[in-house]
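Trainee: What follows is a single structure, and I will ask about it in a moment.
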Amino acid sequence: MNLYEILKPLLFRLDAEAAHHFAIGGLETAPPFLLRAIFGDAPMLERRVCGLKFRNPVGLAAGMDKNAVALPAWEAMGFGFAEVGTLTAKAQPGNPQPRLFRYPELQALINRMGFNNHGADVVAARLDRLKASGRWPRIPVGINLGKSKVTELADAPADYLHSYRALLPYGDYFVVNVSSPNTPGLRELQDKDALAGIVRTLRDHDAAKPLFVKIAPDLNPPQLDAILALVESENISGLIATNTTLDHSAIPQGRDETGGLSGAPLRCRANEVVRILCAGTRRPVIASGGIMSGEDARARFAAGAALVQIYTGFVYRGPALIREIART
Ligand SMILES: Cc1cc2nc3c(=O)[nH]c(=O)nc-3n(C[C@H](O)[C@H](O)[C@H](O)COP(=O)(O)O)c2cc1C
């Protein structure tokens, strides 16, 4: 039995967000050598994507380490890369609690966190200290950016730019997140002109680092076509597909919550979106959504994904899932 199987029943007795903070707090303070000793050597299955070297294709999805407090721990547990954020220009508390709900029988979560985060400047200072300490992880670090809640949609490009400037020295790649369902209006930024405006603003400032766009699973075929066209016209490095879904048809009546659904019920749709995108572009697609097993990851790679990311699968399966995927 692995350590996570012992810890999980204890964590699952806590409220979902309390368990999250407890686990992140532990990972923030645990010495990486101890995590390495507990979880074993990182699996190796090397990939090169956008000029970056990944020791294995399994990444931590955005939202788990919003404030970049546990980067050495993600490397020590075996991840091939880690994406921090979503970070916004202004620090913000997110939505009122409770805002994270488990559905163990469905292997699913619903969240309406609302981009709770310390803000780009505070996190830039934290990352600077980490660099100076010599504890910077030897895996690619992605930085996921979103729009501050108080910023009008029309002012989104400047808001993203503020975060991008502050965090530019620390990310190996950046992500424009326009797909969280929990910031009012954010998904409207998936519209062609709005998204082009954000991407151009960031690229005009600095085009040296790979820039991905993270999309929702709920886009219809014409919307996916428009994103694919934009990828080429704006020279976007690649796509992350997908974020959480607003399709709650899997949730039993009376138990639904407002927010984005993740985990096993997202599996089929997320795979389908990856397949459509990979058929329409040669640029890398990072698959996220409903990857709960090695078999799920195999399906994403078969659909054309270059890399995969896990969030809900990591909550239900722990670090063993990283190794199961990397063995596939
Ligand atoms: C509690 C929670 C918080 C999340 N926060 C973010 C976020 O801040 N930014 C983001 O791009 N995605 C966020 N996500 C979405 C995940 O990164 C991932 O794309 C999604 O959950 C689908 O993958 P999964 O089925 O493996 O969880 C969050 C997901 C969960 C469950």
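Note on naming: chains are A, B, ... as they come in the structure tokens, residues start from 1 per chain, ligands start from 1 in the order shown.
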Could you pull out the residues sitting within 7 Å of ligand 1, using only C-alpha atoms and all ligand atoms, and write them as a PyMOL selection string?

Mentor: chain A and resi 61-64+66+85-86+100+109-111+113+115+144+177+180+214+242-244+262-264+266+288-291+309-313

Trainee: Please dump the current selection as a tab-separated table (two decimals), in the first residue's frame; keep N, CA and C atoms.

Mentor:
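Resulting contents of out07.tsv:
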```
chain	number	residue	atom	x	y	z
A	61	ALA	N	-1.74	19.95	-13.35
A	61	ALA	CA	-2.61	20.94	-13.99
A	61	ALA	C	-2.74	22.19	-13.12
A	62	ALA	N	-3.10	23.29	-13.76
A	62	ALA	CA	-3.26	24.56	-13.04
A	62	ALA	C	-4.35	24.46	-12.00
A	63	GLY	N	-4.19	25.24	-10.93
A	63	GLY	CA	-5.22	25.33	-9.90
A	63	GLY	C	-4.86	24.61	-8.63
A	64	MET	N	-3.97	23.61	-8.72
A	64	MET	CA	-3.56	22.87	-7.52
A	64	MET	C	-2.59	23.72	-6.71
A	66	LYS	N	-1.87	27.20	-6.92
A	66	LYS	CA	-2.20	28.51	-7.52
A	66	LYS	C	-1.12	29.53	-7.21
A	85	GLY	N	-0.59	28.75	-10.85
A	85	GLY	CA	-1.68	29.68	-11.17
A	85	GLY	C	-3.00	28.93	-11.12
A	86	THR	N	-4.03	29.56	-11.55
A	86	THR	CA	-4.10	30.81	-12.29
A	86	THR	C	-3.75	31.99	-11.41
A	100	LEU	N	-15.68	24.06	-3.22
A	100	LEU	CA	-15.06	22.86	-3.80
A	100	LEU	C	-15.79	21.63	-3.24
A	109	LEU	N	-15.02	16.21	-9.25
A	109	LEU	CA	-15.06	17.38	-8.37
A	109	LEU	C	-15.88	18.46	-9.07
A	110	ILE	N	-16.52	19.31	-8.29
A	110	ILE	CA	-17.04	20.57	-8.84
A	110	ILE	C	-16.37	21.69	-8.05
A	111	ASN	N	-15.87	22.70	-8.78
A	111	ASN	CA	-15.30	23.85	-8.07
A	111	ASN	C	-15.81	25.15	-8.65
A	113	MET	N	-13.98	28.06	-7.40
A	113	MET	CA	-13.00	28.79	-6.59
A	113	MET	C	-12.97	30.28	-6.96
A	115	PHE	N	-10.60	31.92	-9.01
A	115	PHE	CA	-9.24	32.50	-9.10
A	115	PHE	C	-8.79	33.14	-7.79
A	144	ASN	N	0.20	30.02	-15.47
A	144	ASN	CA	-1.14	30.17	-16.04
A	144	ASN	C	-1.71	31.52	-15.58
A	177	ASN	N	-5.36	31.73	-19.80
A	177	ASN	CA	-6.55	30.97	-19.40
A	177	ASN	C	-7.78	31.81	-19.67
A	180	SER	N	-11.95	29.37	-17.54
A	180	SER	CA	-12.54	29.06	-16.24
A	180	SER	C	-14.00	29.52	-16.24
A	214	LYS	N	-5.56	28.01	-22.97
A	214	LYS	CA	-6.32	26.91	-22.37
A	214	LYS	C	-7.80	27.12	-22.64
A	242	THR	N	-8.61	20.12	-21.79
A	242	THR	CA	-9.54	21.20	-21.58
A	242	THR	C	-9.58	21.62	-20.11
A	243	ASN	N	-10.28	22.71	-19.87
A	243	ASN	CA	-10.62	23.13	-18.51
A	243	ASN	C	-11.85	22.32	-18.04
A	244	THR	N	-12.46	22.73	-16.96
A	244	THR	CA	-13.64	22.03	-16.43
A	244	THR	C	-14.87	22.31	-17.30
A	262	SER	N	-15.00	18.45	-13.04
A	262	SER	CA	-13.75	17.83	-13.51
A	262	SER	C	-13.75	16.35	-13.14
A	263	GLY	N	-12.77	15.62	-13.67
A	263	GLY	CA	-12.65	14.21	-13.34
A	263	GLY	C	-13.32	13.31	-14.36
A	264	ALA	N	-13.65	12.09	-13.93
A	264	ALA	CA	-14.09	11.04	-14.87
A	264	ALA	C	-15.23	11.46	-15.81
A	266	LEU	N	-15.67	14.03	-17.33
A	266	LEU	CA	-15.16	14.91	-18.39
A	266	LEU	C	-14.34	14.13	-19.43
A	288	SER	N	-5.81	17.84	-20.81
A	288	SER	CA	-6.21	17.93	-19.41
A	288	SER	C	-7.70	17.63	-19.37
A	289	GLY	N	-8.13	16.89	-18.35
A	289	GLY	CA	-9.56	16.62	-18.23
A	289	GLY	C	-9.87	15.15	-18.20
A	290	GLY	N	-10.20	14.66	-17.00
A	290	GLY	CA	-10.66	13.28	-16.88
A	290	GLY	C	-9.60	12.23	-17.07
A	291	ILE	N	-8.34	12.58	-16.85
A	291	ILE	CA	-7.28	11.56	-16.95
A	291	ILE	C	-7.11	10.95	-15.56
A	309	GLN	N	-1.88	16.53	-18.41
A	309	GLN	CA	-1.89	17.13	-17.07
A	309	GLN	C	-2.99	16.48	-16.24
A	310	ILE	N	-2.73	16.39	-14.94
A	310	ILE	CA	-3.74	15.79	-14.06
A	310	ILE	C	-4.05	16.72	-12.88
A	311	TYR	N	-5.30	16.74	-12.50
A	311	TYR	CA	-5.72	17.43	-11.27
A	311	TYR	C	-6.60	16.48	-10.46
A	312	THR	N	-7.83	16.25	-10.95
A	312	THR	CA	-8.77	15.43	-10.18
A	312	THR	C	-8.25	14.00	-10.00
A	313	GLY	N	-7.61	13.47	-11.03
A	313	GLY	CA	-7.01	12.13	-10.92
A	313	GLY	C	-5.96	12.08	-9.82
```

Trainee: Residues within 8 Å of Asp41 (chain A), please, as a PyMOL selection string. Count only C-alpha atoms; anything in the same chain fewer than 3 positions from it doesn't count.

Mentor: chain A and resi 36-37+78

Trainee: Output the selection as a compact mmCIF listing (two decimals), in the first residue's frame - C-alpha atoms for each residue.

Mentor:
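Result file again25.txt:
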```txt
# COMPACT_ATOMS: atom_id res chain seq x y z
CA ARG A 36 11.65 11.31 -3.30
CA ALA A 37 12.43 8.58 -0.76
CA GLY A 78 7.81 12.65 -10.05
```

Trainee: Going by DSSP on the backbone, which bits of region 127-256 of chain A are helix (DSSP H, G or I)? Write them as a VMD selection string, please.

Mentor: chain A and resid 127 to 133 153 to 167 186 to 190 192 to 205 221 to 233

Trainee: Mind checking which residues fall within 10 Å of Phe101 (chain A), counting only C-alpha atoms, ignoring those fewer than 5 positions away in the same chain, and posting them as a list in words?

Mentor: Asp15, Ala16, Glu17, Ala108, Leu109, Ile110, Asn111, Arg112, Arg255, Asp256, Glu257, Thr258, Gly259 and Leu261 of chain A

Trainee: Give one line per residue of region 6-123 of chain A that approaches region 267-282 of chain A to at most 12 Å, naming the two atoms of the closest pair and their distance in Å to one decimal, counting only C-alpha atoms; sort by chain then ascending residue number and deliver it as JSON lines.

Mentor:
```
{"residue": "A:Val49", "atom": "CA", "partner": "A:Arg282", "partner_atom": "CA", "distance": 11.8}
{"residue": "A:Cys50", "atom": "CA", "partner": "A:Arg282", "partner_atom": "CA", "distance": 11.7}
{"residue": "A:Leu106", "atom": "CA", "partner": "A:Arg267", "partner_atom": "CA", "distance": 11.5}
{"residue": "A:Gln107", "atom": "CA", "partner": "A:Arg267", "partner_atom": "CA", "distance": 10.8}
{"residue": "A:Ala108", "atom": "CA", "partner": "A:Arg267", "partner_atom": "CA", "distance": 10.4}
```

Trainee: Rounded to one decimal, what separation in Å do you get between CA of Glu28 (chain A) and CA of Ile6 (chain A)?

Mentor: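 Answer for the CA of Glu28 (chain A) to CA of Ile6 (chain A) separation: 19.7 Å.
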
Trainee: For Leu145 (chain A), which of A:Gly119, A:Gly197, A:Leu87, A:Pro98 is the closest residue, counting only C-alpha atoms?

Mentor: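 Nearest to Leu145 (chain A): A:Leu87.
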
Trainee: Counting only C-alpha atoms, figure out which residue out of A:Val58, A:Asn235, A:Lys8, A:Gly25 gets nearest to Ala306 (chain A).

Mentor: A:Val58

Trainee: Just checking: using only C-alpha atoms, which residue out of A:Leu307, A:Ala287, A:Leu130, A:Ala23 ends up closest to Tyr4 (chain A)?

Mentor: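 Of the candidates, the smallest distance to Tyr4 (chain A) is held by A:Ala23.
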
Trainee: Per residue of region 188-239 of chain A within 7 Å of region 152-168 of chain A, record the nearest atom pair and its distance in Å to one decimal, counting only C-alpha atoms, with rows in chain order and ascending residue number, as a tab-separated table.

Mentor:
```
residue	atom	partner	partner_atom	distance
A:Gly197	CA	A:Pro157	CA	6.4
A:Ile198	CA	A:Pro157	CA	4.5
A:Thr201	CA	A:Pro157	CA	6.2
A:Leu202	CA	A:Leu161	CA	5.8
```

Trainee: Kindly export the residues of the current selection with N, CA, C and O atoms, as a PDB file, in the first residue's frame.

Mentor:
```pdb
ATOM      1  N   GLY A 197      -6.541  39.843 -29.214  1.00  0.00           N
ATOM      2  CA  GLY A 197      -6.079  41.066 -28.552  1.00  0.00           C
ATOM      3  C   GLY A 197      -5.157  40.746 -27.378  1.00  0.00           C
ATOM      4  O   GLY A 197      -4.109  41.390 -27.201  1.00  0.00           O
ATOM      5  N   ILE A 198      -5.512  39.748 -26.599  1.00  0.00           N
ATOM      6  CA  ILE A 198      -4.681  39.377 -25.440  1.00  0.00           C
ATOM      7  C   ILE A 198      -3.344  38.795 -25.912  1.00  0.00           C
ATOM      8  O   ILE A 198      -2.275  39.197 -25.463  1.00  0.00           O
ATOM      9  N   THR A 201      -1.003  41.359 -27.398  1.00  0.00           N
ATOM     10  CA  THR A 201      -0.443  42.252 -26.370  1.00  0.00           C
ATOM     11  C   THR A 201       0.736  41.570 -25.672  1.00  0.00           C
ATOM     12  O   THR A 201       1.779  42.185 -25.454  1.00  0.00           O
ATOM     13  N   LEU A 202       0.568  40.301 -25.336  1.00  0.00           N
ATOM     14  CA  LEU A 202       1.646  39.588 -24.647  1.00  0.00           C
ATOM     15  C   LEU A 202       2.836  39.371 -25.583  1.00  0.00           C
ATOM     16  O   LEU A 202       3.993  39.601 -25.217  1.00  0.00           O
TER      17      LEU A 202
END
```

Trainee: Skipping near chain neighbours, those fewer than 6 positions away, what residues fall within 8 Å of region 173-176 of chain A using only C-alpha atoms, listed as a list in words?

Mentor: Pro140, Val141, Gly142, Ile143, Asn144, Leu145, Gly146, Tyr160, Val199, Lys209, Pro210, Leu211, Phe212, Val213 and Lys214 of chain A

Trainee: Which of these residues is nearest to Pro137 (chain A), using only C-alpha atoms: A:Ala76, A:Leu321, A:Ala208, A:Leu45?

Mentor: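 Smallest distance to Pro137 (chain A) is found for A:Ala76.
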
Trainee: Could you give me the residues within region 56-259 of chain A that DSSP places in strand (DSSP E or B), as a PyMOL selection string?

Mentor: chain A and resi 58-60+81-87+92+100-103+108-111+117+141-145+173-177+211-215+238-241+245

Trainee: With distances taken over only C-alpha atoms, which of A:Pro43, A:Pro57, A:Pro184, A:Gly26 is nearest to Arg298 (chain A)?

Mentor: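 Looking only at the distances to Arg298 (chain A), the closest residue turns out to be A:Pro57.
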
Trainee: May I have the residues within 12 Å of Leu27 (chain A) as a list of chain:residue names, using only C-alpha atoms and disregarding those fewer than 6 positions away in the same chain?

Mentor: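 Those residues are A:His20, A:His21, A:Phe33, A:Leu34, A:Leu35, A:Arg36, A:Met64, A:Asp65, A:Ala68, A:Val69, A:Ala70, A:Leu71, A:Pro72, A:Ala73, A:Trp74, A:Glu75, A:Ala76, A:Met77.
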
Trainee: Keeping only C-alpha atoms, write those residues as an mmCIF file, in the first residue's frame.

Mentor:
```
data_model
loop_
_atom_site.group_PDB
_atom_site.id
_atom_site.type_symbol
_atom_site.label_atom_id
_atom_site.label_comp_id
_atom_site.auth_asym_id
_atom_site.auth_seq_id
_atom_site.Cartn_x
_atom_site.Cartn_y
_atom_site.Cartn_z
ATOM 1 C CA HIS A 20 -6.415 20.872 -0.105
ATOM 2 C CA HIS A 21 -4.797 23.493 2.149
ATOM 3 C CA PHE A 33 14.548 14.285 -0.506
ATOM 4 C CA LEU A 34 11.927 12.797 1.829
ATOM 5 C CA LEU A 35 9.225 12.928 -0.863
ATOM 6 C CA ARG A 36 11.652 11.312 -3.301
ATOM 7 C CA MET A 64 -3.561 22.871 -7.522
ATOM 8 C CA ASP A 65 -0.629 25.167 -6.709
ATOM 9 C CA ALA A 68 3.494 28.502 -6.515
ATOM 10 C CA VAL A 69 4.296 27.506 -2.942
ATOM 11 C CA ALA A 70 5.287 23.869 -3.521
ATOM 12 C CA LEU A 71 7.299 23.711 -6.764
ATOM 13 C CA PRO A 72 10.167 21.568 -5.393
ATOM 14 C CA ALA A 73 7.589 19.054 -4.116
ATOM 15 C CA TRP A 74 5.997 18.520 -7.548
ATOM 16 C CA GLU A 75 9.394 17.698 -9.005
ATOM 17 C CA ALA A 76 10.204 15.412 -6.066
ATOM 18 C CA MET A 77 6.934 13.480 -6.453
#
```
